[in-house]
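Structure first, commentary second.
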Amino acid sequence: MRASHFAINTMKETPAEAEIVSHQLMLRAGMLKKLASGLYTWSPLGLKVLRRVETIVREEMDAAGALELLMPAVQPAELWEESGRWQQYGPELLRLTDRHGRDFCFGPTHEEVITDYARRELKSYRQLPVNFYQIQTKFRDEIRPRFGVMRAREFVMKDAYSFHADAESLEQTYQLMYTAYSRILDRLGLAWRAVVADTGSIGGNASHEFHVLADSGEDAIAYAVDGDYAANVEMAPTFPATQPRPEPAETMTEVATPNARTIEEVAATLDLPASRTVKTLLVTGTESTAVALVLRGDHSLNEIKATKHPAIAEPLTFVDEAEAPKLIGASVGSIGPLGLDIPVIADHAAAALSDFACGANKNGYHITGVNWARDLPEPETADLRDAVAGDPAPDNQGKLDICRGIEVGHVFQLGDKYSRAMNCEVLGEDGKPITPLMGCYGIGVSRIVAAAIEQNFDERGIRWPQPIAPFTVVIVPIGANKDASVMERAESIYADLRARGIETILDDRGMRPGAAFADWELIGIPLRVVVSPRGLAAGQLEVRRRDAEANEDIAADGLFDWLDAHLA
RNA sequence: CGGAGUGUAGCGCAGUCUGGUAGCGCACCUGGUUUGGGACCAGGUGGUCGGGGGUUCGAAUCCCUCCACUCCGACCA
């Protein structure tokens, strides 16, 4: 491709609407243009990246035996009424009416359509298992689209749906998809992690989310440093202490802590680490007006875990600050577990403390040297907090650490939710009808493009992983106006690279070098070759990796060696 | 849906309080000089000032109303 024939259109200034790096850089590099909230036009440059992602996804899905098909984006309401989701789905479902007054929706997902297809297409268990997929544009009418294509309303998704005669077969395909997703993310050149996901109300046995790791990710992931365990922080369990509690060494001492309300203030006033204090939270109980939850000062309550506790009312509700003094005799900030006549539930870590500090249930006072069993009853214990770095991982996999991720894929064992609701049956081995089990497997194709940038950028712009870069190599001739041999040489290199099947763009725009370099660094082309009169005179070419600190001069006839060494 | 904010040229912004017929930087076009890290000079193109209504001799500016967009929250879960 010649740059003069390709719509390269970069921006020096960042549009005010873009909050996150990937959105800013995609706009500045000219990959995207917004049409309306959550709706984007992909430019030729942006589409090149999107297509490369699609191609890798398609190749791996095909390799895993999935069959590509294409379903309509617009779906009749009747199908959604059959599954019950026409009522359930809410305003996120974009509903349409055609000229005859029939209801439709723009598909946010395709379980209904594929199940309808399957019940008409599949007659016998002999046709199972089968795994259909498509790469389609979806629409979800997000309340608040943001972050460009990271959370757009219209987006490109690969979705696959498998059908099985039994659970074992579903499990096999699930594993196959898990492997395929791993291969896809590896091939994309991204750092990623598969995490255990909540199976939620839909049921099913297993679900994993695939996250691209990036500091800006919306989800916090707890993972085993020395193992393969990973889960959303909200899902990661914490465990009772394995060591016995140290013997009490201090006596209880009441300390005035005026103006110390938060744990930080209390810990500073008492000159103790926050991990030697506890905080006591009052929430509404199922059988009592309030339940006291005791957590170590440096830990945070996990509301999902708390809500699952039978003594705690759902949804989780904190006791109003104004109500606390009536119940306890002290305001929020001076509450502790001592002498309470409401149920006390301590997090495992809080229960493992000795000689800790807590509120005195007397405004402006805390008590140090408190010990379970000696000073107050052994509490009921539970897992109530978010996992933190250093916690033990499940299954003896060492310690956990925390990182952030962007969810780009999700694999799910659906079971028979849709096949049963929509009466999808095939004849089994014994001649009797069976309801196939289903799995579904999604990848956010357009989101991957944004996630790749969130993981790979610097102050100059995007640093594409080679497998998805719009071009692998850019050739920048310098001083072509002074020396005709520069352009001749650039052209011949261009022809050579193309002959080798390397995606190359030749910058024939005749710009000043600084401006040209800035453009290609913003756009993020992984490898750059500079042809200049100076270099030609010395028999050299200048090359540079996008992720390198400096230029490299190589012998002109060594270009292919250099490329071979740096092509992914 | 609640709260806050913003709509002026492709992008970033000033002008609005105090009404007088629209401006700056970047980008773009022409010519010239330049050419190794976002060049310079000169001359240009481009705006129903988000839409509609009102007040006024006169509205980007004041009033009413609608719309769009952004942020926070709620909802989705």
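Identifiers for the structure tokens are assigned positionally: chains receive A, B, ... in sequence, residues are indexed from 1 per chain, and ligands are indexed from 1 in the order shown.
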Give as a short mmCIF file (atom, residue, chain, number, x, y, z; two decimals) with C-alpha atoms (C1' of nucleotides), in the first residue's frame every residue of chain B that touches chain A within 12 Å, counting only C-alpha atoms (C1' of nucleotides).
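And here's part19.cif as it stands now:
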data_model
loop_
_atom_site.label_atom_id
_atom_site.label_comp_id
_atom_site.auth_asym_id
_atom_site.auth_seq_id
_atom_site.Cartn_x
_atom_site.Cartn_y
_atom_site.Cartn_z
"C1'" C B 1 -34.38 8.07 35.18
"C1'" U B 6 -21.00 21.23 27.27
"C1'" G B 10 -12.64 18.78 10.49
"C1'" C B 11 -9.91 19.01 15.79
"C1'" G B 12 -8.73 22.09 20.26
"C1'" C B 13 -10.69 26.63 22.09
"C1'" G B 25 -4.24 27.78 17.09
"C1'" C B 26 -3.97 23.18 14.42
"C1'" A B 27 -5.75 20.92 9.90
"C1'" C B 28 -7.04 22.05 4.63
"C1'" U B 34 12.45 24.66 3.16
"C1'" U B 35 13.41 19.00 4.17
"C1'" G B 36 16.55 13.70 9.85
"C1'" G B 37 11.79 14.43 14.79
"C1'" G B 38 5.03 17.43 14.07
"C1'" A B 39 9.08 23.96 9.10
"C1'" A B 68 -27.61 16.11 20.97
"C1'" C B 69 -23.20 15.00 23.47
"C1'" U B 70 -20.03 14.28 27.99
"C1'" C B 71 -19.28 13.12 33.19
"C1'" C B 72 -21.22 11.11 38.11
"C1'" G B 73 -25.04 8.02 40.00
"C1'" A B 74 -29.20 4.69 39.66
"C1'" C B 75 -30.96 0.62 36.60
"C1'" C B 76 -29.44 -3.68 33.77
"C1'" A B 77 -26.88 -7.87 37.14
#
Next item on the list: Find the residues near range 95-108 of chain A: any atom within 12 Å, counting only C-alpha atoms (C1' of nucleotides), skip ones fewer than 2 places away on the same chain, and give them as an MDAnalysis selection string.
Entry: chainID A and resid 71:81 85:87 89:93 110:114 136:142 152:159 442
Checklist line | helix (DSSP H, G or I) residues, from DSSP on the backbone, in range 471-531 of chain A, as number ranges by chain | finding: A: 484-499, 513-523
Check: In Å, how far is it from CA of Arg126 in chain A to CA of Tyr178 in chain A?
Finding: 24.1 Å
Next item on the list: Determine which residues of range 291-473 of chain A DSSP labels as strand (DSSP E) from the backbone of this structure, then write them out as number ranges by chain.
Entry: A: 291-296, 344-347, 356-359, 365-370, 380-382, 400-415, 426-427, 433-434, 437-444, 457-458, 461-462, 473
Note to self: Let me make sure I understand: among A:Cys440, A:Val486, A:Leu293, A:His348, which one has the smallest atom-to-atom distance to Ala537 in chain A if we use only C-alpha atoms?
What the structure shows: A:Val486
Next item on the list: Within 12 Å of range 319-321 of chain A, counting only C-alpha atoms (C1' of nucleotides), which residues show up once you throw out same-chain ones fewer than 2 positions away? Write them as a PyMOL selection string, please.
Entry: chain A and resi 280-285+288-293+312-313+316-317+323-335
Those selected residues, please, written with N, CA and C atoms and delivered as an mmCIF file, in the first residue's frame.
data_model
loop_
_atom_site.group_PDB
_atom_site.id
_atom_site.type_symbol
_atom_site.label_atom_id
_atom_site.label_comp_id
_atom_site.auth_asym_id
_atom_site.auth_seq_id
_atom_site.Cartn_x
_atom_site.Cartn_y
_atom_site.Cartn_z
ATOM 1 N N THR A 280 -16.073 -2.481 62.087
ATOM 2 C CA THR A 280 -17.333 -3.158 62.368
ATOM 3 C C THR A 280 -18.427 -2.462 61.587
ATOM 4 N N LEU A 281 -19.033 -3.218 60.668
ATOM 5 C CA LEU A 281 -20.054 -2.649 59.793
ATOM 6 C C LEU A 281 -21.410 -3.197 60.191
ATOM 7 N N LEU A 282 -22.405 -2.346 60.235
ATOM 8 C CA LEU A 282 -23.755 -2.772 60.607
ATOM 9 C C LEU A 282 -24.612 -2.880 59.362
ATOM 10 N N VAL A 283 -25.135 -4.079 59.124
ATOM 11 C CA VAL A 283 -26.024 -4.271 57.984
ATOM 12 C C VAL A 283 -27.325 -4.884 58.489
ATOM 13 N N THR A 284 -28.330 -4.777 57.652
ATOM 14 C CA THR A 284 -29.625 -5.314 58.020
ATOM 15 C C THR A 284 -29.584 -6.836 57.981
ATOM 16 N N GLY A 285 -30.163 -7.472 59.004
ATOM 17 C CA GLY A 285 -30.166 -8.921 59.073
ATOM 18 C C GLY A 285 -31.490 -9.508 58.643
ATOM 19 N N SER A 288 -32.654 -10.281 62.519
ATOM 20 C CA SER A 288 -32.360 -9.270 63.529
ATOM 21 C C SER A 288 -32.325 -7.923 62.825
ATOM 22 N N THR A 289 -32.557 -6.860 63.574
ATOM 23 C CA THR A 289 -32.570 -5.547 62.928
ATOM 24 C C THR A 289 -31.209 -5.241 62.329
ATOM 25 N N ALA A 290 -30.155 -5.739 62.989
ATOM 26 C CA ALA A 290 -28.821 -5.475 62.471
ATOM 27 C C ALA A 290 -27.914 -6.665 62.733
ATOM 28 N N VAL A 291 -26.901 -6.790 61.883
ATOM 29 C CA VAL A 291 -25.844 -7.774 62.060
ATOM 30 C C VAL A 291 -24.536 -7.003 62.000
ATOM 31 N N ALA A 292 -23.619 -7.315 62.921
ATOM 32 C CA ALA A 292 -22.323 -6.643 62.899
ATOM 33 C C ALA A 292 -21.338 -7.503 62.119
ATOM 34 N N LEU A 293 -20.742 -6.911 61.072
ATOM 35 C CA LEU A 293 -19.731 -7.610 60.283
ATOM 36 C C LEU A 293 -18.367 -7.061 60.681
ATOM 37 N N ILE A 312 -27.773 -12.462 56.691
ATOM 38 C CA ILE A 312 -27.713 -11.099 56.160
ATOM 39 C C ILE A 312 -28.817 -10.904 55.120
ATOM 40 N N ALA A 313 -29.547 -9.838 55.286
ATOM 41 C CA ALA A 313 -30.693 -9.586 54.410
ATOM 42 C C ALA A 313 -30.224 -9.248 53.001
ATOM 43 N N LEU A 316 -28.047 -6.400 50.245
ATOM 44 C CA LEU A 316 -27.231 -5.902 51.342
ATOM 45 C C LEU A 316 -27.560 -4.423 51.614
ATOM 46 N N THR A 317 -27.914 -4.142 52.859
ATOM 47 C CA THR A 317 -28.274 -2.769 53.224
ATOM 48 C C THR A 317 -27.531 -2.371 54.480
ATOM 49 N N GLU A 323 -29.202 5.714 62.659
ATOM 50 C CA GLU A 323 -29.804 4.654 63.473
ATOM 51 C C GLU A 323 -28.785 4.000 64.397
ATOM 52 N N ALA A 324 -27.511 4.050 64.003
ATOM 53 C CA ALA A 324 -26.485 3.314 64.729
ATOM 54 C C ALA A 324 -26.434 3.659 66.218
ATOM 55 N N PRO A 325 -26.455 4.935 66.590
ATOM 56 C CA PRO A 325 -26.373 5.263 68.019
ATOM 57 C C PRO A 325 -27.520 4.658 68.822
ATOM 58 N N LYS A 326 -28.690 4.562 68.226
ATOM 59 C CA LYS A 326 -29.839 3.998 68.940
ATOM 60 C C LYS A 326 -29.617 2.515 69.223
ATOM 61 N N LEU A 327 -28.977 1.815 68.296
ATOM 62 C CA LEU A 327 -28.764 0.379 68.445
ATOM 63 C C LEU A 327 -27.568 0.069 69.332
ATOM 64 N N ILE A 328 -26.507 0.835 69.171
ATOM 65 C CA ILE A 328 -25.216 0.485 69.757
ATOM 66 C C ILE A 328 -24.833 1.424 70.892
ATOM 67 N N GLY A 329 -25.303 2.635 70.811
ATOM 68 C CA GLY A 329 -24.888 3.619 71.800
ATOM 69 C C GLY A 329 -23.666 4.391 71.351
ATOM 70 N N ALA A 330 -23.268 4.179 70.127
ATOM 71 C CA ALA A 330 -22.123 4.924 69.611
ATOM 72 C C ALA A 330 -22.328 5.158 68.130
ATOM 73 N N SER A 331 -21.667 6.187 67.624
ATOM 74 C CA SER A 331 -21.808 6.504 66.211
ATOM 75 C C SER A 331 -20.887 5.637 65.370
ATOM 76 N N VAL A 332 -21.237 5.548 64.117
ATOM 77 C CA VAL A 332 -20.374 4.886 63.152
ATOM 78 C C VAL A 332 -18.990 5.528 63.272
ATOM 79 N N GLY A 333 -17.950 4.747 63.412
ATOM 80 C CA GLY A 333 -16.616 5.307 63.607
ATOM 81 C C GLY A 333 -16.076 4.924 64.971
ATOM 82 N N SER A 334 -16.970 4.638 65.901
ATOM 83 C CA SER A 334 -16.520 4.207 67.223
ATOM 84 C C SER A 334 -17.154 2.873 67.602
ATOM 85 N N ILE A 335 -17.634 2.154 66.601
ATOM 86 C CA ILE A 335 -18.316 0.887 66.866
ATOM 87 C C ILE A 335 -17.300 -0.252 66.916
#
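We find CA of Gly148 in chain A and CA of Val408 in chain A to be spaced 14.9 Å apart.
Nearest-residue note for Ala249 in chain A: choosing from A:Ala160, A:Val476, A:Leu353, A:Ala565, the minimum distance belongs to A:Leu353, counting only C-alpha atoms.
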Check: Any idea what's packed within 12 Å of Glu234 in chain A, counting only C-alpha atoms (C1' of nucleotides), ignoring anything in its chain fewer than 6 positions away? Could you give it as a list in words?
Finding: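 After dropping sequence-adjacent residues, the list is Val195, Val196, Ala197, Asp198, Asp219, Ala220, Ile221, Ala222, Ser300, Leu301, Asn302, Glu303, Ile304, Lys305, Ala306, Asp383, Leu384, Arg385, Asp386, Ala387, Val388 and Ile402 of chain A.
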What lies within 12 Å of A42 in chain B using only C-alpha atoms (C1' of nucleotides), ignoring chain neighbours under 2 positions off, as a PDB file with C-alpha atoms (C1' of nucleotides), in the first residue's frame?
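What landed in result00.pdb:
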ATOM      1  C1'   U B  30      -2.502  28.342  -3.634  1.00  0.00           C
ATOM      2  C1'   G B  31       2.423  30.286  -4.336  1.00  0.00           C
ATOM      3  C1'   G B  32       7.361  30.602  -2.610  1.00  0.00           C
ATOM      4  C1'   U B  33      11.372  29.155   0.553  1.00  0.00           C
ATOM      5  C1'   C B  40       8.595  29.245   7.616  1.00  0.00           C
ATOM      6  C1'   G B  44      -6.917  31.786   0.813  1.00  0.00           C
TER       7        G B  44
END
Notebook entry, point to check: Which of these residues is nearest to C49 in chain B, using only C-alpha atoms (C1' of nucleotides): B:C29, B:C63, B:A22, B:C17?
Noted result: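 Looking only at the distances to C49 in chain B, the closest residue turns out to be B:A22.
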Note to self: My list of candidates is A:Asp116, A:Asp355, A:Glu209, A:Asp561. Which is closest to Gly405 in chain A when distances are computed with only C-alpha atoms?
What the structure shows: A:Glu209
